[in-house]
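What follows is the content of my_file_37.cif, which has mmCIF, C-alpha atoms:
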data_my_file
loop_
_atom_site.label_atom_id
_atom_site.label_comp_id
_atom_site.auth_asym_id
_atom_site.auth_seq_id
_atom_site.Cartn_x
_atom_site.Cartn_y
_atom_site.Cartn_z
CA MET A 1 0.00 0.00 0.00
CA ARG A 2 1.25 3.46 -0.89
CA LEU A 3 -0.13 6.96 -0.35
CA PHE A 4 0.83 9.32 -3.13
CA ALA A 5 0.34 12.96 -4.04
CA ASP A 6 1.08 14.07 -7.58
CA SER A 7 1.76 17.78 -8.31
CA LEU A 8 -0.81 18.76 -5.72
CA ALA A 9 -1.95 22.39 -5.49
CA CYS A 10 -4.23 24.01 -2.99
CA ARG A 11 -5.53 27.54 -2.72
CA ARG A 12 -7.30 29.14 0.20
CA SER A 13 -9.10 32.42 -0.40
CA SER A 14 -6.97 33.42 -3.41
CA ARG A 15 -3.67 32.62 -1.68
CA VAL A 16 -1.82 29.62 -3.12
CA VAL A 17 -0.78 27.59 -0.09
CA PHE A 18 1.31 25.11 -2.06
CA ASP A 19 1.54 23.96 -5.66
CA SER A 20 3.24 21.12 -7.53
CA LEU A 21 3.71 19.20 -4.30
CA THR A 22 4.68 15.61 -4.97
CA PHE A 23 5.42 12.99 -2.37
CA GLU A 24 4.64 9.46 -1.41
CA ALA A 25 4.63 7.27 1.65
CA GLY A 26 4.68 3.49 1.64
CA ALA A 27 3.21 0.99 4.08
CA GLY A 28 4.84 1.22 7.48
CA GLU A 29 6.28 4.62 6.75
CA ALA A 30 5.89 7.85 8.70
CA LEU A 31 6.21 11.26 7.11
CA ALA A 32 6.96 14.26 9.31
CA ILE A 33 5.63 17.38 7.66
CA VAL A 34 7.73 20.32 8.79
CA GLY A 35 7.85 23.99 7.94
CA PRO A 36 7.35 27.34 9.62
CA ASN A 37 3.93 28.53 10.79
CA GLY A 38 1.69 29.20 7.82
CA ALA A 39 3.63 26.93 5.48
CA GLY A 40 0.51 24.83 4.84
CA LYS A 41 1.10 21.81 7.08
CA SER A 42 -2.43 21.72 8.46
CA THR A 43 -3.86 22.56 5.05
CA LEU A 44 -2.08 19.59 3.50
CA LEU A 45 -3.48 17.23 6.13
CA ARG A 46 -6.99 18.61 5.65
CA VAL A 47 -6.68 18.24 1.88
CA ILE A 48 -5.72 14.58 2.28
CA ALA A 49 -8.63 14.09 4.69
CA GLY A 50 -10.95 15.44 2.00
CA LEU A 51 -11.95 18.42 4.12
CA LEU A 52 -10.53 21.00 1.70
CA PRO A 53 -10.86 20.93 -2.08
CA ILE A 54 -7.89 20.22 -4.34
CA LEU A 55 -7.13 22.91 -6.92
CA SER A 56 -5.15 20.61 -9.20
CA GLY A 57 -3.14 17.44 -9.02
CA ARG A 58 -3.97 14.01 -7.70
CA ILE A 59 -3.89 12.26 -4.40
CA GLY A 60 -4.71 8.68 -3.59
CA LEU A 61 -3.95 5.33 -2.11
CA GLU A 62 -2.54 2.43 -4.13
CA PRO A 63 -3.91 -0.14 -4.42
CA MET A 64 -7.25 1.50 -3.74
CA PRO A 65 -9.28 -0.90 -1.54
CA ASP A 66 -12.48 -1.22 -3.63
CA ASP A 67 -13.73 2.31 -4.42
CA THR A 68 -13.71 3.56 -0.80
CA PRO A 69 -13.01 7.31 -0.79
CA LEU A 70 -9.62 8.24 0.63
CA ALA A 71 -11.25 10.24 3.44
CA GLU A 72 -12.83 7.05 4.80
CA LEU A 73 -9.42 5.38 5.02
CA CYS A 74 -7.91 8.21 7.04
CA HIS A 75 -7.96 9.07 10.71
CA TYR A 76 -7.62 12.77 11.35
CA VAL A 77 -6.62 14.32 14.67
CA GLY A 78 -6.65 18.08 14.35
CA HIS A 79 -6.08 20.89 16.82
CA ARG A 80 -9.63 20.49 18.02
CA ASP A 81 -10.35 17.30 19.89
CA ALA A 82 -13.90 16.68 18.66
CA LEU A 83 -15.02 15.86 22.19
CA LYS A 84 -18.35 16.70 23.78
CA PRO A 85 -17.95 17.87 27.38
CA VAL A 86 -21.15 16.19 28.60
CA LEU A 87 -20.35 12.72 27.25
CA THR A 88 -18.01 10.32 29.04
CA PRO A 89 -14.84 9.10 27.29
CA ARG A 90 -16.37 5.63 27.01
CA GLU A 91 -19.50 7.05 25.31
CA GLN A 92 -17.48 9.16 22.88
CA LEU A 93 -15.30 6.25 21.83
CA ALA A 94 -18.30 3.93 21.43
CA PHE A 95 -20.01 6.57 19.29
CA TRP A 96 -17.02 7.18 17.02
CA GLN A 97 -16.41 3.46 16.74
CA THR A 98 -19.86 3.09 15.21
CA MET A 99 -19.64 6.29 13.16
CA LEU A 100 -16.21 5.64 11.68
CA GLY A 101 -16.89 1.98 10.98
CA ASN A 102 -14.43 -0.90 10.75
CA ALA A 103 -14.28 -1.44 14.51
CA ALA A 104 -10.96 -2.41 16.06
CA LEU A 105 -10.36 -2.35 19.83
CA PRO A 106 -13.29 -2.04 22.25
CA PRO A 107 -13.46 1.44 23.88
CA ASP A 108 -12.37 0.22 27.32
CA GLU A 109 -9.24 -1.41 25.92
CA ALA A 110 -8.34 1.73 23.98
CA LEU A 111 -8.79 3.80 27.14
CA ALA A 112 -6.50 1.45 29.04
CA ILE A 113 -3.81 1.84 26.37
CA VAL A 114 -3.84 5.65 26.60
CA GLY A 115 -4.04 5.46 30.40
CA LEU A 116 -7.51 6.89 30.91
CA THR A 117 -9.26 3.94 32.53
CA HIS A 118 -9.83 5.88 35.74
CA ALA A 119 -11.69 8.62 33.83
CA ALA A 120 -13.78 6.37 31.59
CA GLY A 121 -17.05 7.26 33.30
CA LEU A 122 -16.48 10.96 33.97
CA PRO A 123 -17.94 13.64 31.73
CA SER A 124 -15.11 14.68 29.40
CA GLY A 125 -15.50 18.30 30.46
CA TYR A 126 -13.53 17.42 33.60
CA LEU A 127 -10.49 16.21 31.66
CA SER A 128 -7.31 18.25 31.38
CA ALA A 129 -5.94 19.38 28.01
CA GLY A 130 -3.45 16.53 27.92
CA GLN A 131 -6.08 13.97 28.88
CA ARG A 132 -8.42 15.25 26.16
CA ARG A 133 -5.59 14.86 23.70
CA ARG A 134 -4.99 11.28 24.83
CA LEU A 135 -8.70 10.57 24.46
CA ALA A 136 -8.50 11.88 20.88
CA PHE A 137 -5.68 9.39 20.25
CA ALA A 138 -7.73 6.57 21.76
CA ARG A 139 -10.14 7.23 18.89
CA LEU A 140 -7.41 6.11 16.48
CA LEU A 141 -7.50 2.71 18.13
CA VAL A 142 -11.24 1.97 18.16
CA ALA A 143 -11.63 2.06 14.37
CA ARG A 144 -9.16 0.56 11.93
CA ARG A 145 -8.05 3.00 9.22
CA PRO A 146 -4.70 2.65 7.44
CA VAL A 147 -3.71 6.31 7.20
CA TRP A 148 -3.25 8.51 10.29
CA LEU A 149 -3.20 12.26 9.75
CA LEU A 150 -1.97 13.96 12.92
CA ASP A 151 -1.79 17.71 13.28
CA GLU A 152 0.83 18.61 15.90
CA PRO A 153 0.08 15.47 17.88
CA GLN A 154 2.47 16.29 20.70
CA SER A 155 0.94 19.58 21.79
CA ALA A 156 -0.23 19.56 25.44
CA LEU A 157 1.36 16.15 26.07
CA ASP A 158 3.86 15.50 28.87
CA ALA A 159 6.97 13.36 28.36
CA ALA A 160 5.29 10.11 29.44
CA SER A 161 2.34 10.72 27.11
CA ARG A 162 4.70 11.51 24.22
CA ASP A 163 6.39 8.16 24.76
CA ARG A 164 3.01 6.47 24.85
CA LEU A 165 2.01 8.21 21.61
CA ALA A 166 5.30 7.14 20.01
CA GLY A 167 4.45 3.58 21.06
CA LEU A 168 1.01 3.83 19.42
CA MET A 169 2.55 5.17 16.22
CA ALA A 170 5.25 2.49 16.16
CA ARG A 171 2.60 -0.20 16.50
CA HIS A 172 0.51 1.29 13.70
CA LEU A 173 3.55 1.42 11.43
CA ALA A 174 4.48 -2.16 12.30
CA GLU A 175 1.01 -3.21 11.20
CA GLY A 176 1.67 -1.62 7.81
CA GLY A 177 -0.06 1.70 8.44
CA ILE A 178 0.94 5.10 7.15
CA ILE A 179 1.38 8.20 9.32
CA LEU A 180 1.54 11.80 8.19
CA ALA A 181 2.19 14.19 11.04
CA ALA A 182 2.58 17.94 10.97
CA THR A 183 5.06 18.69 13.70
CA HIS A 184 7.75 20.96 15.07
CA ASP A 185 9.29 18.32 17.32
CA PRO A 186 10.82 14.87 16.73
CA LEU A 187 7.99 12.34 16.47
CA GLY A 188 9.63 9.58 18.46
CA VAL A 189 9.45 7.14 15.56
CA SER A 190 11.75 7.07 12.56
CA ALA A 191 10.19 9.29 9.92
CA ARG A 192 11.09 10.80 6.59
CA THR A 193 10.82 14.58 6.47
CA LEU A 194 8.63 16.51 4.07
CA ASP A 195 9.64 20.16 4.19
CA LEU A 196 6.99 22.55 2.98
CA GLY A 197 9.40 25.45 3.22
CA GLY A 198 8.25 28.96 3.97
CA ARG A 199 6.67 30.28 0.79
CA GLY A 200 3.61 31.46 2.71
CA MET B 1 -24.62 4.50 12.17
CA PHE B 2 -27.63 6.68 11.49
CA TRP B 3 -29.29 5.77 14.78
CA ALA B 4 -26.01 6.03 16.68
CA LEU B 5 -25.86 9.67 15.62
CA VAL B 6 -29.51 10.27 16.54
CA ARG B 7 -29.00 8.64 19.94
CA ARG B 8 -25.84 10.60 20.64
CA ASP B 9 -27.51 13.91 19.71
CA LEU B 10 -30.49 13.13 21.93
CA LYS B 11 -28.10 12.30 24.76
CA LEU B 12 -26.29 15.60 24.21
CA ALA B 13 -29.57 17.52 24.22
CA THR B 14 -30.96 15.95 27.37
CA ARG B 15 -27.85 16.00 29.57
CA ILE B 16 -27.34 18.97 31.86
CA GLY B 17 -25.98 21.87 29.85
CA GLY B 18 -27.16 20.33 26.62
CA GLY B 19 -29.74 23.04 26.05
CA GLY B 20 -32.49 20.69 24.91
CA ALA B 21 -35.03 22.11 27.33
CA MET B 22 -34.35 25.72 26.34
CA GLY B 23 -36.89 25.81 23.50
CA LEU B 24 -39.58 24.27 25.68
CA VAL B 25 -39.02 26.73 28.52
CA PHE B 26 -39.13 29.60 26.05
CA PHE B 27 -42.36 28.23 24.57
CA LEU B 28 -43.91 27.89 28.03
CA SER B 29 -42.98 31.39 29.11
CA LEU B 30 -44.11 32.99 25.86
CA VAL B 31 -47.52 31.32 26.00
CA THR B 32 -48.05 31.94 29.71
CA VAL B 33 -47.33 35.68 29.57
CA MET B 34 -49.58 36.17 26.54
CA PRO B 35 -52.88 36.09 28.52
CA PHE B 36 -51.48 38.73 30.89
CA ALA B 37 -50.63 40.98 27.96
CA VAL B 38 -53.90 40.48 26.13
CA GLY B 39 -56.08 40.91 29.20
CA PRO B 40 -59.00 38.96 30.58
CA ASP B 41 -61.02 38.85 27.35
CA LEU B 42 -61.55 35.10 27.01
CA ASN B 43 -63.27 35.36 23.64
CA LEU B 44 -60.39 37.26 22.14
CA LEU B 45 -57.92 34.86 23.70
CA SER B 46 -59.62 31.77 22.37
CA ARG B 47 -59.84 33.40 18.93
CA ILE B 48 -56.10 34.15 18.73
CA GLY B 49 -54.93 31.21 20.89
CA ALA B 50 -54.01 28.99 17.95
CA ALA B 51 -51.98 31.79 16.40
CA ILE B 52 -50.16 32.39 19.70
CA LEU B 53 -49.25 28.73 20.01
CA TRP B 54 -47.98 28.63 16.45
CA VAL B 55 -45.93 31.82 16.71
CA ALA B 56 -44.45 30.64 20.01
CA ALA B 57 -43.62 27.25 18.50
CA MET B 58 -41.91 28.90 15.55
CA LEU B 59 -39.81 31.20 17.75
CA ALA B 60 -38.94 28.36 20.12
CA THR B 61 -37.79 26.28 17.15
CA LEU B 62 -35.55 29.11 15.98
CA LEU B 63 -33.89 29.33 19.37
CA GLY B 64 -31.62 26.30 19.38
CA LEU B 65 -31.22 25.87 15.65
CA ASP B 66 -27.92 27.67 15.16
CA ARG B 67 -26.12 25.18 17.42
CA ILE B 68 -26.99 22.09 15.35
CA PHE B 69 -23.91 22.29 13.14
CA GLN B 70 -22.05 25.20 14.72
CA ALA B 71 -21.29 23.23 17.87
CA GLU B 72 -19.99 20.37 15.73
CA GLU B 73 -17.88 22.74 13.69
CA GLU B 74 -16.36 24.46 16.71
CA ASP B 75 -15.06 21.36 18.45
CA GLY B 76 -13.95 19.64 15.25
CA SER B 77 -16.56 16.87 15.32
CA LEU B 78 -17.89 18.01 11.95
CA ASP B 79 -14.56 17.10 10.30
CA LEU B 80 -14.83 13.56 11.60
CA LEU B 81 -18.50 13.27 10.65
CA LEU B 82 -17.57 14.31 7.10
CA MET B 83 -14.99 11.50 7.07
CA SER B 84 -17.54 8.92 8.19
CA PRO B 85 -18.87 6.38 5.70
CA LEU B 86 -22.40 7.60 6.46
CA PRO B 87 -23.48 9.77 3.48
CA LEU B 88 -23.67 13.46 4.33
CA PRO B 89 -27.42 13.84 3.60
CA LEU B 90 -28.11 11.07 6.11
CA ILE B 91 -25.94 12.85 8.68
CA VAL B 92 -28.04 15.98 8.14
CA LEU B 93 -31.24 13.92 8.36
CA ALA B 94 -30.09 12.27 11.60
CA LYS B 95 -29.16 15.56 13.20
CA GLY B 96 -32.40 17.21 12.06
CA LEU B 97 -34.45 14.28 13.34
CA ALA B 98 -32.68 14.33 16.71
CA HIS B 99 -33.20 18.08 16.96
CA TRP B 100 -36.90 17.70 16.22
CA LEU B 101 -37.26 14.89 18.77
CA ALA B 102 -35.46 16.96 21.41
CA THR B 103 -37.11 20.33 20.79
CA GLY B 104 -40.02 20.04 18.32
CA LEU B 105 -41.81 17.06 19.82
CA PRO B 106 -41.87 18.45 23.40
CA LEU B 107 -43.57 21.58 22.00
CA VAL B 108 -46.24 19.44 20.38
CA LEU B 109 -46.80 17.54 23.62
CA ALA B 110 -46.95 20.72 25.70
CA ALA B 111 -49.34 22.49 23.32
CA PRO B 112 -52.63 20.93 24.55
CA LEU B 113 -51.73 21.77 28.14
CA LEU B 114 -50.87 25.36 27.32
CA GLY B 115 -53.92 25.68 25.11
CA LEU B 116 -56.00 25.47 28.28
CA LEU B 117 -54.35 28.68 29.46
CA LEU B 118 -55.51 30.34 26.26
CA ALA B 119 -59.12 29.23 26.72
CA LEU B 120 -59.07 27.09 23.60
CA GLN B 121 -62.02 24.78 22.99
CA PRO B 122 -61.15 21.07 23.10
CA VAL B 123 -61.65 20.61 19.37
CA VAL B 124 -59.32 23.52 18.62
CA LEU B 125 -56.80 22.10 21.08
CA GLY B 126 -56.80 18.89 19.11
CA ALA B 127 -56.49 20.74 15.83
CA VAL B 128 -53.57 22.87 17.01
CA THR B 129 -51.76 19.85 18.39
CA LEU B 130 -52.29 17.95 15.17
CA THR B 131 -51.13 20.83 12.99
CA LEU B 132 -48.08 21.36 15.19
CA LEU B 133 -47.28 17.66 14.97
CA VAL B 134 -47.25 17.66 11.18
CA GLY B 135 -45.95 21.22 10.83
CA THR B 136 -43.00 21.42 13.24
CA PRO B 137 -40.85 19.05 11.13
CA ALA B 138 -41.13 21.63 8.36
CA LEU B 139 -39.93 24.36 10.73
CA THR B 140 -37.01 22.22 11.94
CA PHE B 141 -35.81 21.14 8.52
CA LEU B 142 -36.11 24.60 7.00
CA GLY B 143 -33.99 25.71 9.92
CA VAL B 144 -31.50 22.92 9.26
CA VAL B 145 -30.66 24.54 5.92
CA GLY B 146 -29.95 27.85 7.64
CA ALA B 147 -27.96 26.07 10.37
CA ALA B 148 -25.82 24.33 7.76
CA LEU B 149 -25.26 27.58 5.87
CA THR B 150 -24.14 29.43 8.99
CA ALA B 151 -22.16 26.55 10.53
CA GLY B 152 -18.82 28.19 9.89
CA LEU B 153 -19.80 31.72 10.90
CA ARG B 154 -18.88 33.01 14.33
CA ARG B 155 -22.09 34.98 14.87
CA GLY B 156 -24.22 32.73 12.70
CA GLY B 157 -27.01 32.75 15.25
CA LEU B 158 -27.71 36.32 14.32
CA ILE B 159 -28.24 35.84 10.62
CA LEU B 160 -30.03 32.50 10.89
CA PRO B 161 -33.51 33.82 11.82
CA ILE B 162 -33.36 36.33 8.99
CA LEU B 163 -32.51 33.55 6.56
CA VAL B 164 -35.12 31.02 7.57
CA MET B 165 -37.99 33.09 8.95
CA PRO B 166 -39.37 34.05 5.51
CA LEU B 167 -39.38 30.36 4.58
CA MET B 168 -41.24 29.48 7.77
CA VAL B 169 -44.02 32.01 7.23
CA PRO B 170 -46.04 29.86 4.78
CA VAL B 171 -45.90 26.98 7.27
CA LEU B 172 -47.18 29.33 9.94
CA ILE B 173 -50.02 30.55 7.71
CA PHE B 174 -51.25 27.06 6.87
CA GLY B 175 -50.85 25.88 10.45
CA VAL B 176 -52.98 28.69 11.86
CA ALA B 177 -55.44 28.47 8.98
CA ALA B 178 -56.07 24.79 9.63
CA SER B 179 -56.45 25.35 13.37
CA ASN B 180 -58.90 28.24 12.91
CA ALA B 181 -60.90 26.34 10.31
CA VAL B 182 -62.07 24.06 13.09
CA LEU B 183 -63.24 27.05 15.11
CA GLU B 184 -65.11 28.98 12.47
CA ALA B 185 -66.28 26.13 10.22
CA THR B 186 -66.55 28.55 7.29
CA THR B 187 -63.34 27.29 5.73
CA PRO B 188 -62.45 23.62 5.30
CA PHE B 189 -59.89 21.99 7.62
CA ALA B 190 -58.39 19.41 5.29
CA PRO B 191 -56.74 21.51 2.52
CA PRO B 192 -54.47 23.60 4.79
CA LEU B 193 -53.62 20.46 6.77
CA MET B 194 -52.68 18.65 3.55
CA LEU B 195 -50.54 21.60 2.50
CA LEU B 196 -48.88 21.55 5.90
CA ILE B 197 -48.03 17.86 5.53
CA ALA B 198 -46.74 18.57 2.02
CA ALA B 199 -44.61 21.41 3.37
CA SER B 200 -43.11 19.10 5.99
CA LEU B 201 -42.33 16.36 3.50
CA PHE B 202 -40.83 18.88 1.10
CA ALA B 203 -38.79 20.55 3.85
CA VAL B 204 -37.33 17.23 5.00
CA VAL B 205 -36.18 16.28 1.49
CA ALA B 206 -35.04 19.73 0.40
CA GLY B 207 -33.54 20.55 3.78
CA VAL B 208 -31.46 17.39 3.84
CA ILE B 209 -30.13 17.92 0.32
CA ALA B 210 -29.52 21.65 0.67
CA GLY B 211 -28.02 21.22 4.16
CA ALA B 212 -25.60 18.54 2.92
CA ALA B 213 -24.57 20.71 -0.03
CA SER B 214 -23.84 23.73 2.12
CA LEU B 215 -21.94 21.69 4.74
CA ARG B 216 -19.72 20.19 2.05
CA HIS B 217 -18.61 23.68 1.06
CA ALA B 218 -18.38 25.03 4.60
CA GLY B 219 -15.08 23.30 5.47
CA GLY B 220 -12.27 25.72 5.93
#

Kindly return the structure encoded in the file as structure tokens.
Amino acid sequence: MRLFADSLACRRSSRVVFDSLTFEAGAGEALAIVGPNGAGKSTLLRVIAGLLPILSGRIGLEPMPDDTPLAELCHYVGHRDALKPVLTPREQLAFWQTMLGNAALPPDEALAIVGLTHAAGLPSGYLSAGQRRRLAFARLLVARRPVWLLDEPQSALDAASRDRLAGLMARHLAEGGIILAATHDPLGVSARTLDLGGRG
Amino acid sequence: MFWALVRRDLKLATRIGGGGAMGLVFFLSLVTVMPFAVGPDLNLLSRIGAAILWVAAMLATLLGLDRIFQAEEEDGSLDLLLMSPLPLPLIVLAKGLAHWLATGLPLVLAAPLLGLLLALQPVVLGAVTLTLLVGTPALTFLGVVGAALTAGLRRGGLILPILVMPLMVPVLIFGVAASNAVLEATTPFAPPLMLLIAASLFAVVAGVIAGAASLRHAGG
């Protein structure tokens, strides 16, 4: 399996964020997207997730598992955690497991892996920023999708949680997954670097 | 998947802080203060009672509408919903249905009780409740289009009523017309009721398609 982008261009409100961007990532490979603020790291991830339109170029997964859209093969963790304060972590994970399809680990197991078992029944509004972040990562585990798109995954995480995240990523890569992460820091797993430069 | 989304939205609406009861409380207070404002003229009250209930229901529906998609957009849930295998029109349908169950249906159930305060005759009570039952889905799903259009706007709640109120007016007219037809017996009851049902069916289909189209282009 291989994720490729072929002379990709994207424009946001008349400003060209990037053009003729070509890269690829194979199974078990992580790509660290680096570049100064405003270089288009988040935009690139959102384009791959199908949340922003492509101006020109192509992007896809090879071999394409029977005409499933690329967006449905990607996990996306953005700056916002997509958590509802009144629902408990267990409820959120159960909901997203159903919504995202292709169920993997049961919610309680995923919570144990990210170290949130003690908070499983509390409304998520009580969680700290780092805990909310870890809950967002637990979502990656409850549904199986080959491509992980992570936007600055390490923000708000302490050293122990960063190690835990690195462990999650290493496991995903070992299973043949692909990771694209926009980041300013080392990811903790071996990754090729995609430099978007500072044309913005 | 569809029902998981409906269940989750109902859960969100009914938990503390979910805001599901806001429309109902607004409806109650609007209808209860009306007799004080109008005065003790029972005949007048029973003549305009159906209209009061309908106007109150329309305003109460408008109240929570802007949060349907805006809340999802703000916390990033909308991104994930867009990446779900569930087709976008069905997502809109599920969220609209959950919103109607959480805010529209309680209005319908409260209407006969509040009608007593407005000195409505039993037959009119029944008519108003029936018209609200078949008419409020139209209000909700017309609002869903506006909610989807304003999902990405910071102060979308402000522009939403202006967008959808004109579309809701015909529903209001037919709803009140059908209710009053029972009272006066000079005009038939069935045609406005049929038009109301048609409006609801149309609003569900058009609202789901238009809402999905505007959400798809809201990402940014």

Apply the PyMOL selection byres ((chain B) within 10 of (chain A)) to the displayed file and report the matching residues as number ranges by chain. B: 1-5, 7-8, 11-18, 71-86, 216-220

I'd like the contact shell of Ile179 in chain A - 7 Å cut-off, all atoms listed in the file, skipping same-chain residues fewer than 6 positions apart - returned as a list in words. Glu29, Ala30, Leu31, Val147, Trp148 and Leu149 of chain A

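For the residues B:Ile209, B:Ile52, B:Ile68, B:Leu193, ranking by smallest atom-to-atom distance to Ala119 in chain B using only C-alpha atoms places B:Ile52 first.
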
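Here the PyMOL selection byres ((chain B and resi 205) around 12) captures the residues Pro89, Leu90, Val92, Leu93, Gly96, Pro137, Ala138, Phe141, Leu142, Val144, Val145, Ala198, Ala199, Ser200, Leu201, Phe202, Ala203, Val204, Ala206, Gly207, Val208, Ile209, Ala210, Gly211 and Ala212 of chain B.
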
Expansion of the PyMOL selection byres ((chain B and resi 23-38) around 7) into residues, as a ChimeraX atom specification: /B:20-22,39-40,52-53,56-57,60-61,63-64,103,106-107,114,118

Those selected residues, please, written with C-alpha atoms and delivered as a PDB file, in the coordinates of the input.
ATOM      1  CA  GLY B  20     -32.490  20.690  24.910  1.00  0.00           C
ATOM      2  CA  ALA B  21     -35.030  22.110  27.330  1.00  0.00           C
ATOM      3  CA  MET B  22     -34.350  25.720  26.340  1.00  0.00           C
ATOM      4  CA  GLY B  39     -56.080  40.910  29.200  1.00  0.00           C
ATOM      5  CA  PRO B  40     -59.000  38.960  30.580  1.00  0.00           C
ATOM      6  CA  ILE B  52     -50.160  32.390  19.700  1.00  0.00           C
ATOM      7  CA  LEU B  53     -49.250  28.730  20.010  1.00  0.00           C
ATOM      8  CA  ALA B  56     -44.450  30.640  20.010  1.00  0.00           C
ATOM      9  CA  ALA B  57     -43.620  27.250  18.500  1.00  0.00           C
ATOM     10  CA  ALA B  60     -38.940  28.360  20.120  1.00  0.00           C
ATOM     11  CA  THR B  61     -37.790  26.280  17.150  1.00  0.00           C
ATOM     12  CA  LEU B  63     -33.890  29.330  19.370  1.00  0.00           C
ATOM     13  CA  GLY B  64     -31.620  26.300  19.380  1.00  0.00           C
ATOM     14  CA  THR B 103     -37.110  20.330  20.790  1.00  0.00           C
ATOM     15  CA  PRO B 106     -41.870  18.450  23.400  1.00  0.00           C
ATOM     16  CA  LEU B 107     -43.570  21.580  22.000  1.00  0.00           C
ATOM     17  CA  LEU B 114     -50.870  25.360  27.320  1.00  0.00           C
ATOM     18  CA  LEU B 118     -55.510  30.340  26.260  1.00  0.00           C
TER      19      LEU B 118
END

Between CA of Ile59 in chain A and CA of Pro186 in chain A, what is the distance in Å, rounded to a tenth? 25.9 Å

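If you count all atoms listed in the file and ignore residues fewer than 5 places along the chain from Leu196 in chain B, what sits within 9 Å of it is B:Thr131, B:Val134, B:Gly135, B:Ala138, B:Pro170, B:Val171, B:Leu172, B:Phe174, B:Gly175, B:Ala178, B:Pro191, B:Leu201.
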
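Taking CA of Arg47 in chain B and CA of Ala181 in chain B as endpoints, the distance between them is 11.2 Å.
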
Tell me which protein, DNA and RNA residues are within 7 Å of Arg144 in chain A, counting all atoms listed in the file, leaving out same-chain ones fewer than 2 positions away, and put them as number ranges by chain. A: 102-104, 141-142, 146

Expected file: the selected residues, C-alpha atoms, as a PDB file, in the coordinates of the input:
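Result written to again-v9.pdb:
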ATOM      1  CA  ASN A 102     -14.430  -0.900  10.750  1.00  0.00           C
ATOM      2  CA  ALA A 103     -14.280  -1.440  14.510  1.00  0.00           C
ATOM      3  CA  ALA A 104     -10.960  -2.410  16.060  1.00  0.00           C
ATOM      4  CA  LEU A 141      -7.500   2.710  18.130  1.00  0.00           C
ATOM      5  CA  VAL A 142     -11.240   1.970  18.160  1.00  0.00           C
ATOM      6  CA  PRO A 146      -4.700   2.650   7.440  1.00  0.00           C
TER       7      PRO A 146
END

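When CA of Leu183 in chain B is paired with CA of Leu105 in chain B, their separation reads 24.1 Å.
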
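At a cut-off of 8 Å from (-3.2, -0.5, 6.6), the residue set is A:Met1, A:Ala27, A:Arg145, A:Pro146, A:Val147, A:Glu175, A:Gly176, A:Gly177, A:Ile178 (counting all atoms listed in the file).
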
Could the residues in this selection be written to a file with C-alpha atoms, as a tab-separated table (two decimals), keeping the file's coordinate frame?
chain	number	residue	atom	x	y	z
A	1	MET	CA	0.00	0.00	0.00
A	27	ALA	CA	3.21	0.99	4.08
A	145	ARG	CA	-8.05	3.00	9.22
A	146	PRO	CA	-4.70	2.65	7.44
A	147	VAL	CA	-3.71	6.31	7.20
A	175	GLU	CA	1.01	-3.21	11.20
A	176	GLY	CA	1.67	-1.62	7.81
A	177	GLY	CA	-0.06	1.70	8.44
A	178	ILE	CA	0.94	5.10	7.15

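Distance annotation: of B:Leu139, B:Ala177, B:Leu97, B:Ala213, the residue with the minimal separation from Pro161 in chain B is B:Leu139; atom set is all atoms listed in the file.
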
Counting only C-alpha atoms, the residue of B:Ala151, B:Ala50, B:Val6, B:Val182 that sits nearest Gly115 in chain B: B:Ala50

Could you tell me, as a ChimeraX atom specification, which residues have any atom at most 10 Å from (5.9, 25.2, 12.2), counting only C-alpha atoms? /A:33-42,152,182-185,196-198

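Non-sequential neighbours of Ser7 in chain A (distance at most 8 Å, separation of 5 or more positions within a chain, all atoms listed in the file) are Asp19, Ser20, Leu21, Thr22, Ser56, Gly57 and Arg58 of chain A.
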
Same residues, C-alpha atoms, output as a PDB file, keeping the file's coordinate frame:
ATOM      1  CA  ASP A  19       1.540  23.960  -5.660  1.00  0.00           C
ATOM      2  CA  SER A  20       3.240  21.120  -7.530  1.00  0.00           C
ATOM      3  CA  LEU A  21       3.710  19.200  -4.300  1.00  0.00           C
ATOM      4  CA  THR A  22       4.680  15.610  -4.970  1.00  0.00           C
ATOM      5  CA  SER A  56      -5.150  20.610  -9.200  1.00  0.00           C
ATOM      6  CA  GLY A  57      -3.140  17.440  -9.020  1.00  0.00           C
ATOM      7  CA  ARG A  58      -3.970  14.010  -7.700  1.00  0.00           C
TER       8      ARG A  58
END
